[in-house]
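*Asks:* The structure that follows is given in the form of structure tokens.
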Amino acid sequence: MKSPNEAAPLRPIPALIFASRWLQLPLYLGLIVAQTIYVWLFWQELYYLVMAAFGDAGALGHILDSVTVEGAVRPAKPNETVIMLVVLGLIDVVMISNLLIMVIVGGYETFVSRMNLQGHPDQPEWLSHVNASVLKVKLATAIIGISSIHLLKTFINAASYDEKTIYAQVGIHITFLLSAMAIAAADRIMPAAPAKLHA
């Protein structure tokens, strides 16, 4: 006799449909490859910044080119603004990398299979209560953070941009903010799933 908590075997069609969730696995593995590329990019840019600080002409030219907006005058030397723009670029890479981790770990846990990380000392705090709604809100706030970095880089280098570009970036950022607020509000007013009763 089956216990009440023992799940009945799925019929073939539902079992096939349920197993199709594993088709997402190559997508998450592909995002891990993208994460690796971002790590390489971060260390490459950090290397150029360190070498430029020690006076390497090639590295100096690289960072000056990387912060120069198309059509603007190229800075003659690495002043405070140039260093700040390079560092903001590094922060941008880190934030995008954080976004990738949330998508990879949260998406796999939510849509593919449990990782059984309960009690693991390195389990992310947010993963203990992650679901599709929570993941959407966290992704939206992460995108706002990335947009904020881009907007700050634009404001620091505002003289190199025309007004239309600045207004467009501010408008896009406000759109991200409103979208995140709408997602969070919709998540708050949606009825919570009833808790499972354990015998």
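Identifiers for the structure tokens are assigned positionally: chains receive A, B, ... in sequence, residues are indexed from 1 per chain, and ligands are indexed from 1 in the order shown.
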May I have the residues within 10 Å of Leu151 of chain A as a PyMOL selection string, using only C-alpha atoms and disregarding those fewer than 6 positions away in the same chain?

*Replies:* chain A and resi 145+157-158+166+169-170+172-173

*Asks:* Grab the residues selected above and save them as a short mmCIF file (atom, residue, chain, number, x, y, z; two decimals), in the first residue's frame with C-alpha atoms.

*Replies:*
```cif
data_model
loop_
_atom_site.label_atom_id
_atom_site.label_comp_id
_atom_site.auth_asym_id
_atom_site.auth_seq_id
_atom_site.Cartn_x
_atom_site.Cartn_y
_atom_site.Cartn_z
CA GLY A 145 21.72 48.57 -10.96
CA ASN A 157 31.36 62.11 -19.31
CA ALA A 158 28.32 64.28 -20.10
CA ILE A 166 21.40 61.75 -22.24
CA GLN A 169 19.35 57.07 -21.31
CA VAL A 170 17.48 58.78 -18.46
CA ILE A 172 15.29 54.15 -20.42
CA HIS A 173 16.46 54.10 -16.80
#
```

*Asks:* Please provide the set of residues having any atom within 7 Å of segment 99-109 of chain A, restricted to only C-alpha atoms, with same-chain residues fewer than 4 positions apart removed, written as number ranges by chain.

*Replies:* A: 28, 31, 35, 95, 113-115, 127, 130, 135, 139, 142

*Asks:* Write the residues of the selection above to a file with C-alpha atoms, as a PDB file, in the first residue's frame.

*Replies:*
```pdb
ATOM      1  CA  TYR A  28      22.340  27.458 -18.379  1.00  0.00           C
ATOM      2  CA  LEU A  31      25.447  31.137 -19.608  1.00  0.00           C
ATOM      3  CA  GLN A  35      30.222  34.076 -17.273  1.00  0.00           C
ATOM      4  CA  MET A  95      27.095  43.477 -11.859  1.00  0.00           C
ATOM      5  CA  SER A 113      15.767  20.682 -10.681  1.00  0.00           C
ATOM      6  CA  ARG A 114      16.436  21.211  -6.992  1.00  0.00           C
ATOM      7  CA  MET A 115      20.065  21.609  -6.007  1.00  0.00           C
ATOM      8  CA  LEU A 127      17.933  31.043  -2.954  1.00  0.00           C
ATOM      9  CA  VAL A 130      13.340  31.746  -4.655  1.00  0.00           C
ATOM     10  CA  LEU A 135      13.463  35.778  -9.462  1.00  0.00           C
ATOM     11  CA  LEU A 139      16.461  40.346 -12.033  1.00  0.00           C
ATOM     12  CA  ALA A 142      19.805  43.902 -10.959  1.00  0.00           C
TER      13      ALA A 142
END
```

*Asks:* Once DSSP has gone over the backbone, tell me which residues of segment 1-120 of chain A are in alpha helix (DSSP H), as a PyMOL selection string.

*Replies:* chain A and resi 12-19+25-53+57-67+80-101+107

*Asks:* Between A:Ala180, A:Glu80, A:Arg21, A:Tyr48, which one has atoms that come closest to Ser66 of chain A, using only C-alpha atoms?

*Replies:*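 Closest to Ser66 of chain A of all the choices is A:Tyr48.
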
*Asks:* Counting only C-alpha atoms, what is within 8 Å of Val82 of chain A, bar same-chain residues fewer than 5 positions away, as a list of chain:residue names?

*Replies:*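 Near neighbours after the sequence-gap exclusion: A:Ile63, A:Leu64, A:Val67, A:Pro75.
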